[in-house]
Structure formats: structure tokens, C-alpha cells
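Structure below is coords.tsv: TSV, C-alpha atoms.
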chain	number	residue	atom	x	y	z
A	1	MET	CA	3.05	-26.44	1.69
A	2	SER	CA	5.20	-29.36	0.62
A	3	THR	CA	7.04	-31.49	3.13
A	4	ALA	CA	9.73	-32.36	0.58
A	5	HIS	CA	13.29	-31.23	1.15
A	6	PRO	CA	13.90	-27.97	-0.79
A	7	ASP	CA	16.73	-29.55	-2.79
A	8	ARG	CA	14.24	-31.99	-4.32
A	9	THR	CA	12.09	-29.16	-5.67
A	10	ARG	CA	14.87	-27.57	-7.72
A	11	ARG	CA	14.47	-27.60	-11.46
A	12	PRO	CA	17.42	-27.45	-13.83
A	13	ALA	CA	18.11	-23.98	-15.17
A	14	PRO	CA	17.81	-23.48	-18.93
A	15	ALA	CA	21.01	-24.02	-20.89
A	16	GLY	CA	23.25	-20.98	-20.63
A	17	SER	CA	21.25	-19.54	-17.74
A	18	PRO	CA	23.24	-18.53	-14.63
A	19	LEU	CA	22.58	-20.58	-11.51
A	20	ARG	CA	21.96	-17.52	-9.37
A	21	PRO	CA	21.36	-13.80	-9.95
A	22	GLY	CA	24.39	-11.55	-10.28
A	23	TRP	CA	25.36	-7.90	-10.34
A	24	PRO	CA	23.13	-7.11	-13.35
A	25	GLU	CA	20.08	-8.31	-11.41
A	26	ILE	CA	21.11	-6.36	-8.32
A	27	ALA	CA	21.53	-3.17	-10.33
A	28	VAL	CA	18.30	-3.52	-12.30
A	29	GLY	CA	16.26	-4.59	-9.28
A	30	LEU	CA	17.43	-1.76	-7.04
A	31	LEU	CA	17.07	0.81	-9.82
A	32	ALA	CA	13.50	-0.35	-10.39
A	33	LEU	CA	12.87	0.01	-6.65
A	34	VAL	CA	14.26	3.55	-6.70
A	35	ALA	CA	12.17	4.39	-9.78
A	36	ALA	CA	9.01	3.08	-8.12
A	37	THR	CA	9.79	5.11	-5.01
A	38	ALA	CA	10.37	8.20	-7.16
A	39	VAL	CA	6.92	7.72	-8.66
A	40	LEU	CA	5.51	7.73	-5.12
A	41	LEU	CA	7.44	10.87	-4.23
A	42	LEU	CA	6.63	12.79	-7.39
A	43	PHE	CA	3.13	11.67	-8.29
A	44	GLY	CA	1.77	9.75	-5.31
A	45	PRO	CA	0.53	10.76	-1.85
A	46	MET	CA	3.78	12.56	-1.03
A	47	GLY	CA	2.67	15.28	-3.42
A	48	MET	CA	-0.98	15.22	-2.37
A	49	ASP	CA	-2.79	16.69	0.60
A	50	LEU	CA	-4.00	13.37	2.01
A	51	ASP	CA	-5.28	12.80	5.49
A	52	PRO	CA	-2.94	10.80	7.76
A	53	VAL	CA	-4.86	7.51	7.50
A	54	PRO	CA	-4.99	7.18	3.67
A	55	PHE	CA	-1.48	8.56	3.46
A	56	GLY	CA	-0.19	5.86	5.80
A	57	LEU	CA	-2.08	3.14	3.93
A	58	VAL	CA	-0.65	4.12	0.56
A	59	VAL	CA	2.90	4.30	1.90
A	60	ALA	CA	2.47	0.93	3.63
A	61	ALA	CA	1.26	-0.69	0.41
A	62	TRP	CA	3.86	0.97	-1.77
A	63	SER	CA	6.84	-0.60	-0.02
A	64	GLY	CA	5.58	-4.03	-1.04
A	65	VAL	CA	4.63	-2.93	-4.54
A	66	ALA	CA	8.03	-1.30	-5.09
A	67	GLY	CA	9.80	-4.44	-3.89
A	68	LEU	CA	7.82	-6.61	-6.28
A	69	ALA	CA	8.54	-4.16	-9.11
A	70	GLY	CA	12.27	-4.45	-8.40
A	71	PHE	CA	12.08	-8.23	-8.25
A	72	ALA	CA	10.11	-8.43	-11.52
A	73	ALA	CA	12.62	-6.21	-13.30
A	74	ALA	CA	15.51	-8.36	-12.07
A	75	ALA	CA	13.77	-11.65	-12.88
A	76	LEU	CA	12.92	-10.51	-16.40
A	77	LEU	CA	16.46	-9.40	-17.17
A	78	ARG	CA	17.66	-12.89	-18.06
A	79	ILE	CA	15.50	-15.98	-18.54
A	80	ARG	CA	15.77	-18.48	-15.68
A	81	SER	CA	13.70	-20.48	-13.24
A	82	LEU	CA	12.33	-18.69	-10.20
A	83	ALA	CA	14.23	-21.27	-8.16
A	84	ALA	CA	17.37	-19.26	-8.96
A	85	PHE	CA	15.90	-16.61	-6.64
A	86	SER	CA	15.07	-19.23	-3.98
A	87	VAL	CA	11.38	-18.97	-4.83
A	88	ARG	CA	10.71	-22.63	-4.19
A	89	ARG	CA	8.64	-24.71	-1.81
A	90	THR	CA	9.89	-25.50	1.65
A	91	THR	CA	8.86	-27.55	4.68
A	92	TRP	CA	6.70	-26.68	7.64
A	93	ARG	CA	9.75	-27.16	9.84
A	94	TRP	CA	11.59	-24.37	8.04
A	95	MET	CA	8.52	-22.14	8.21
A	96	LEU	CA	8.35	-22.68	11.98
A	97	LEU	CA	12.03	-21.81	12.21
A	98	GLY	CA	11.23	-18.67	10.21
A	99	VAL	CA	8.58	-17.68	12.74
A	100	LEU	CA	10.94	-18.38	15.65
A	101	GLY	CA	13.69	-16.45	13.89
A	102	GLY	CA	11.28	-13.57	13.46
A	103	VAL	CA	10.50	-13.54	17.17
A	104	ALA	CA	14.22	-13.63	18.01
A	105	ALA	CA	14.91	-10.77	15.58
A	106	LEU	CA	12.02	-8.79	17.04
A	107	VAL	CA	13.40	-9.10	20.57
A	108	LEU	CA	16.98	-8.36	19.53
A	109	LYS	CA	16.13	-5.32	17.45
A	110	GLY	CA	13.96	-4.01	20.30
A	111	LEU	CA	16.91	-4.24	22.66
A	112	ILE	CA	19.20	-2.52	20.15
A	113	VAL	CA	16.79	0.34	19.46
A	114	SER	CA	16.11	0.79	23.18
A	115	GLY	CA	19.86	0.90	23.84
A	116	ILE	CA	20.45	3.49	21.13
A	117	THR	CA	17.57	5.60	22.44
A	118	ALA	CA	18.88	5.42	26.01
A	119	LEU	CA	22.42	6.35	24.99
A	120	THR	CA	21.63	9.09	22.47
A	121	GLY	CA	18.14	10.28	23.31
A	122	PHE	CA	17.29	9.93	19.63
A	123	ASP	CA	13.80	8.46	19.37
A	124	SER	CA	12.38	9.90	16.18
A	125	ASP	CA	10.38	7.15	14.46
A	126	PRO	CA	10.09	7.40	10.66
A	127	GLN	CA	7.22	4.89	10.74
A	128	GLY	CA	4.74	7.29	12.32
A	129	MET	CA	2.48	7.18	9.27
A	130	TYR	CA	1.91	3.46	9.84
A	131	TYR	CA	0.62	4.12	13.35
A	132	ASP	CA	-1.73	6.74	11.88
A	133	ALA	CA	-3.04	4.20	9.37
A	134	ALA	CA	-3.44	1.36	11.89
A	135	GLY	CA	-5.20	3.64	14.34
A	136	GLY	CA	-7.78	4.87	11.82
A	137	GLY	CA	-10.45	2.27	12.54
A	138	VAL	CA	-11.21	-1.38	11.87
A	139	LEU	CA	-10.83	-1.35	8.08
A	140	PRO	CA	-7.61	0.74	8.06
A	141	LEU	CA	-6.18	-1.57	10.74
A	142	ILE	CA	-6.97	-4.65	8.63
A	143	LEU	CA	-5.48	-3.03	5.51
A	144	THR	CA	-2.39	-1.95	7.43
A	145	MET	CA	-1.93	-5.52	8.64
A	146	LEU	CA	-2.28	-6.88	5.10
A	147	PHE	CA	0.06	-4.30	3.58
A	148	LEU	CA	2.76	-4.39	6.27
A	149	SER	CA	2.55	-8.04	7.29
A	150	VAL	CA	1.89	-9.75	3.95
A	151	LEU	CA	2.52	-7.55	0.90
A	152	THR	CA	5.66	-5.78	2.14
A	153	PRO	CA	7.43	-8.92	3.42
A	154	ILE	CA	6.82	-10.71	0.13
A	155	GLY	CA	7.90	-7.76	-2.01
A	156	GLU	CA	10.99	-6.86	0.01
A	157	GLU	CA	12.13	-10.44	0.61
A	158	PHE	CA	11.82	-11.35	-3.07
A	159	LEU	CA	14.04	-8.39	-3.94
A	160	PHE	CA	16.52	-8.11	-1.07
A	161	ARG	CA	16.91	-11.79	-0.29
A	162	GLY	CA	15.82	-13.43	-3.53
A	163	VAL	CA	17.91	-11.13	-5.72
A	164	VAL	CA	20.48	-9.23	-3.64
A	165	ALA	CA	21.40	-11.86	-1.02
A	166	ASN	CA	21.44	-14.72	-3.53
A	167	ALA	CA	23.74	-12.73	-5.82
A	168	LEU	CA	26.14	-11.79	-3.02
A	169	LEU	CA	26.25	-15.29	-1.53
A	170	ARG	CA	28.62	-16.20	-4.36
A	171	TYR	CA	31.28	-14.46	-2.23
A	172	GLY	CA	30.59	-16.69	0.77
A	173	PRO	CA	27.95	-16.83	3.52
A	174	VAL	CA	29.43	-14.10	5.73
A	175	ILE	CA	29.77	-11.53	2.96
A	176	GLY	CA	26.48	-12.53	1.36
A	177	VAL	CA	24.41	-12.35	4.53
A	178	ALA	CA	26.09	-9.29	6.04
A	179	SER	CA	26.34	-7.13	2.92
A	180	SER	CA	22.82	-7.89	1.70
A	181	SER	CA	21.50	-7.01	5.17
A	182	VAL	CA	23.30	-3.66	5.09
A	183	VAL	CA	21.88	-2.90	1.63
A	184	PHE	CA	18.41	-3.78	2.91
A	185	ALA	CA	18.85	-1.52	5.94
A	186	LEU	CA	20.18	1.43	3.94
A	187	PHE	CA	17.08	1.37	1.76
A	188	HIS	CA	15.08	1.96	4.95
A	189	GLY	CA	16.95	5.21	5.48
A	190	VAL	CA	19.69	6.37	7.85
A	191	ASN	CA	17.58	6.56	10.98
A	192	ILE	CA	16.83	4.60	14.14
A	193	ILE	CA	15.24	1.83	12.03
A	194	LEU	CA	18.56	1.07	10.29
A	195	PRO	CA	20.13	-1.21	12.95
A	196	ALA	CA	16.80	-3.00	13.39
A	197	ALA	CA	16.63	-3.61	9.64
A	198	VAL	CA	20.17	-5.05	9.69
A	199	VAL	CA	19.10	-7.57	12.32
A	200	VAL	CA	15.94	-8.62	10.47
A	201	GLY	CA	17.83	-8.79	7.18
A	202	ALA	CA	20.60	-10.95	8.62
A	203	VAL	CA	18.21	-13.45	10.21
A	204	ALA	CA	16.10	-13.63	7.05
A	205	ALA	CA	19.12	-14.04	4.76
A	206	GLU	CA	20.64	-16.79	6.89
A	207	LEU	CA	17.39	-18.75	7.02
A	208	MET	CA	17.01	-18.42	3.26
A	209	ARG	CA	20.59	-19.59	2.78
A	210	ARG	CA	20.18	-22.61	5.00
A	211	SER	CA	16.72	-23.65	3.82
A	212	GLY	CA	17.23	-22.90	0.13
A	213	SER	CA	13.83	-21.16	0.09
A	214	ILE	CA	12.64	-17.57	0.30
A	215	TRP	CA	9.59	-18.45	2.40
A	216	PRO	CA	11.25	-18.80	5.84
A	217	ALA	CA	12.73	-15.33	5.23
A	218	VAL	CA	9.25	-14.02	4.42
A	219	ALA	CA	8.05	-15.53	7.72
A	220	VAL	CA	10.78	-13.64	9.61
A	221	HIS	CA	9.70	-10.40	7.97
A	222	MET	CA	6.00	-11.06	8.58
A	223	VAL	CA	6.52	-11.60	12.29
A	224	ASN	CA	8.47	-8.35	12.61
A	225	ASN	CA	6.10	-6.23	10.56
A	226	SER	CA	3.06	-7.61	12.39
A	227	ALA	CA	4.29	-6.11	15.65
A	228	LEU	CA	3.27	-2.56	14.74
A	229	PRO	CA	-0.41	-3.11	13.85
A	230	LEU	CA	-0.79	-5.63	16.68
A	231	LEU	CA	0.61	-3.07	19.12
A	232	VAL	CA	-2.01	-0.59	17.95
A	233	LEU	CA	-4.76	-3.24	18.13
A	234	PHE	CA	-4.04	-4.46	21.65
A	235	THR	CA	-2.80	-1.30	23.34
A	236	GLY	CA	-4.14	1.60	21.30
A	237	TYR	CA	-0.56	2.90	21.01
A	238	ALA	CA	-0.47	5.72	18.49
A	239	GLY	CA	3.28	5.94	17.95
A	240	PRO	CA	5.90	8.24	19.44
A	241	ALA	CA	4.69	11.63	20.55
Written as C-alpha cells, that's how I'd like the structure from this file.
Amino acid sequence: MSTAHPDRTRRPAPAGSPLRPGWPEIAVGLLALVAATAVLLLFGPMGMDLDPVPFGLVVAAWSGVAGLAGFAAAALLRIRSLAAFSVRRTTWRWMLLGVLGGVAALVLKGLIVSGITALTGFDSDPQGMYYDAAGGGVLPLILTMLFLSVLTPIGEEFLFRGVVANALLRYGPVIGVASSSVVFALFHGVNIILPAAVVVGAVAAELMRRSGSIWPAVAVHMVNNSALPLLVLFTGYAGPA
């Protein structure tokens, strides 16, 4: 990890190449994500009679794979440096701030979800398959941790922050951060996870905007996604009844 300021790592974009992604990249990236998800629904474990543990593992891995597929499609649309998507080195200070931001987002989203549950009684958790996977033994727990805490944060941050947030930041920081966070949350479904995803997305987008690098945002996402398998590891919690 370099200690150089992120601005010093930027490379000039090729002549005629846009400085940041735009609406074409957003459209292509999100369509590729939808297509990858459709493959999962039509031909993957959704259409198979899998046991809960392998089912949860495949779904956990697929969210990261689908995000990377969307990012690759967007990045290949027009030739440019990866730095246009904020994929550039950063400092340890910014990575520490990413971890701290992740902890703050984790606490805040927990309070929000608890408040919604207390007010509405709605506590259905769409992430039950991840608890099944993490609770399936040592190897499934390790794989769940890798898929949820490493692969998914990289895939989703590259797409939703690297492509979507960077494109929308041309309209200003408030619109860029807020709207990209809502898009990120909507792709998690209209459920109790949605407000939590808005919080994580906003913190990640703001840290990416300020640092100029995607990696602090990945750190935010990693901290939040690690909570589920760690909860299973240390408490044996198996998810909502």
C-alpha cells in the first residue's frame, strides 16, 4: 500500500477519453449486473434443489461476481485508465478511515433497522441464506467470510462507487453521494436491508470522493459484511427465526 497522496498516482487519460464514467457506463454496468443476476435466477442455484449451505455459498459469491461483471462491462465500453473509476492506490490513513467509517455505518444502520423493527414489527431478513452458509461448519464459514467480506465488497464497490457514484458526482457531491447510495440500496431489494444499504453506500461514496480512491470504500463494505459471519462464529446465531 503506497503512502503517496492519491492525486500523485493519477495517470493522464488517453486523448479523447472522458475523465470519469458517464451515463453509458452506468447503463451498461447495471444491465450487466441484471443479466448476471438473471443467469443466477434462471440457471443457477435458484432453479436447483440445493441444500441450504451450498445455496447460501453460491448466492454469497454471486453478488461479488455479478458486481465485477458489471464493472468489467462498464470499463470496457470506452478505453480509459482504471483511475477514472477511482481504482488507484491510497494511503494507510485513508484505509484506517475506511475501517472507522465502516464501524460507524455498522452502528448507525443497526440503530435504523432496530428502530424500523420496533415501529413496524417487520423483521423479515432476506439474508437468511448467508446465516445458513456461515453456520454449516468450518469450511463454509471461511468461504462465507471470503465471499461476503472480500469478493462482494470489491465487486459491488467497483460497480456502485467506481462507476455509478463517480458518474453521478459530476452533478455535485450531494447528488452524487445520495443518488448513487439509493441506486445501490435499491439493487438490494425493497426490504429491511434497504435503509442499511443507503447508510453503507453513503459512507463509502463520501470516503471515495474525499480520498480519490475506491479502496477506503471497499474497507467500509468489508467491515459491514464481516459482521454477519463473525456473529455466527462468536455467538452461533443462526439468523431470524
For the interface of stretch 26-120 of chain A with stretch 213-222 of chain A (cut-off 8 Å, counting only C-alpha atoms), please tabulate each contacting residue of stretch 26-120 of chain A alongside its nearest pair of atoms and their separation in Å to one decimal, rows sorted by chain and increasing number, as a tab-separated table.
residue	atom	partner	partner_atom	distance
A:Phe85	CA	A:Ile214	CA	7.7
A:Ser86	CA	A:Ser213	CA	4.7
A:Val87	CA	A:Ile214	CA	5.5
A:Arg88	CA	A:Ser213	CA	5.5
A:Arg89	CA	A:Ser213	CA	6.6
A:Thr90	CA	A:Ser213	CA	6.1
A:Trp94	CA	A:Pro216	CA	6.0
A:Met95	CA	A:Pro216	CA	4.9
A:Leu96	CA	A:Pro216	CA	7.8
A:Leu97	CA	A:Pro216	CA	7.1
A:Gly98	CA	A:Pro216	CA	4.4
A:Val99	CA	A:Ala219	CA	5.5
A:Leu100	CA	A:Val220	CA	7.7
A:Gly101	CA	A:Val220	CA	5.9
A:Gly102	CA	A:Val220	CA	3.9
A:Val103	CA	A:Val220	CA	7.6
A:Ala105	CA	A:Val220	CA	7.8
Could you save those same residues with C-alpha atoms as a short mmCIF file (atom, residue, chain, number, x, y, z; two decimals), in the frame of the given file?
data_model
loop_
_atom_site.label_atom_id
_atom_site.label_comp_id
_atom_site.auth_asym_id
_atom_site.auth_seq_id
_atom_site.Cartn_x
_atom_site.Cartn_y
_atom_site.Cartn_z
CA PHE A 85 15.90 -16.61 -6.64
CA SER A 86 15.07 -19.23 -3.98
CA VAL A 87 11.38 -18.97 -4.83
CA ARG A 88 10.71 -22.63 -4.19
CA ARG A 89 8.64 -24.71 -1.81
CA THR A 90 9.89 -25.50 1.65
CA TRP A 94 11.59 -24.37 8.04
CA MET A 95 8.52 -22.14 8.21
CA LEU A 96 8.35 -22.68 11.98
CA LEU A 97 12.03 -21.81 12.21
CA GLY A 98 11.23 -18.67 10.21
CA VAL A 99 8.58 -17.68 12.74
CA LEU A 100 10.94 -18.38 15.65
CA GLY A 101 13.69 -16.45 13.89
CA GLY A 102 11.28 -13.57 13.46
CA VAL A 103 10.50 -13.54 17.17
CA ALA A 105 14.91 -10.77 15.58
#
Quick one: of A:Ala205, A:Ser149, A:Val199, A:Val138, who's nearest to A:Ile175, counting only C-alpha atoms?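 Nearest candidate to A:Ile175 out of A:Ala205, A:Ser149, A:Val199, A:Val138: A:Ala205.
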What's around A:Ile192 at 9 Å? Count only C-alpha atoms, leave out sequence neighbours fewer than 5 positions away in its own chain, and write the answer as JSON, numbers by chain. {"A": [113, 116, 117, 122, 123, 124, 125, 126]}
May I ask for the distance between atom CA of A:Ala75 and atom CA of A:Leu159, given in Å to one decimal place?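 Going from atom CA of A:Ala75 over to atom CA of A:Leu159, I get 9.5 Å.
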Two-atom distance - atom CA of A:Arg20, atom CA of A:Ala61 (Å):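 Spanning atom CA of A:Arg20 to atom CA of A:Ala61 is a straight-line distance of 28.4 Å.
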Distance atom CA of A:Gly137-atom CA of A:Val232, one decimal place?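 It comes out at 10.4 Å.
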Residue nearest A:Thr37 among A:Val59, A:Val182, A:Val164, A:Val107 (counting all atoms listed in the file):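 Closest to A:Thr37 of all the choices is A:Val59.
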Near stretch 233-237 of chain A, 12 Å: stretch 138-170 of chain A residue rows, closest pairs, only C-alpha atoms, as a tab-separated table:
residue	atom	partner	partner_atom	distance
A:Val138	CA	A:Leu233	CA	9.2
A:Leu139	CA	A:Leu233	CA	11.9
A:Pro140	CA	A:Leu233	CA	11.2
A:Leu141	CA	A:Leu233	CA	7.7
A:Ile142	CA	A:Leu233	CA	9.9
A:Thr144	CA	A:Leu233	CA	11.0
A:Met145	CA	A:Leu233	CA	10.2
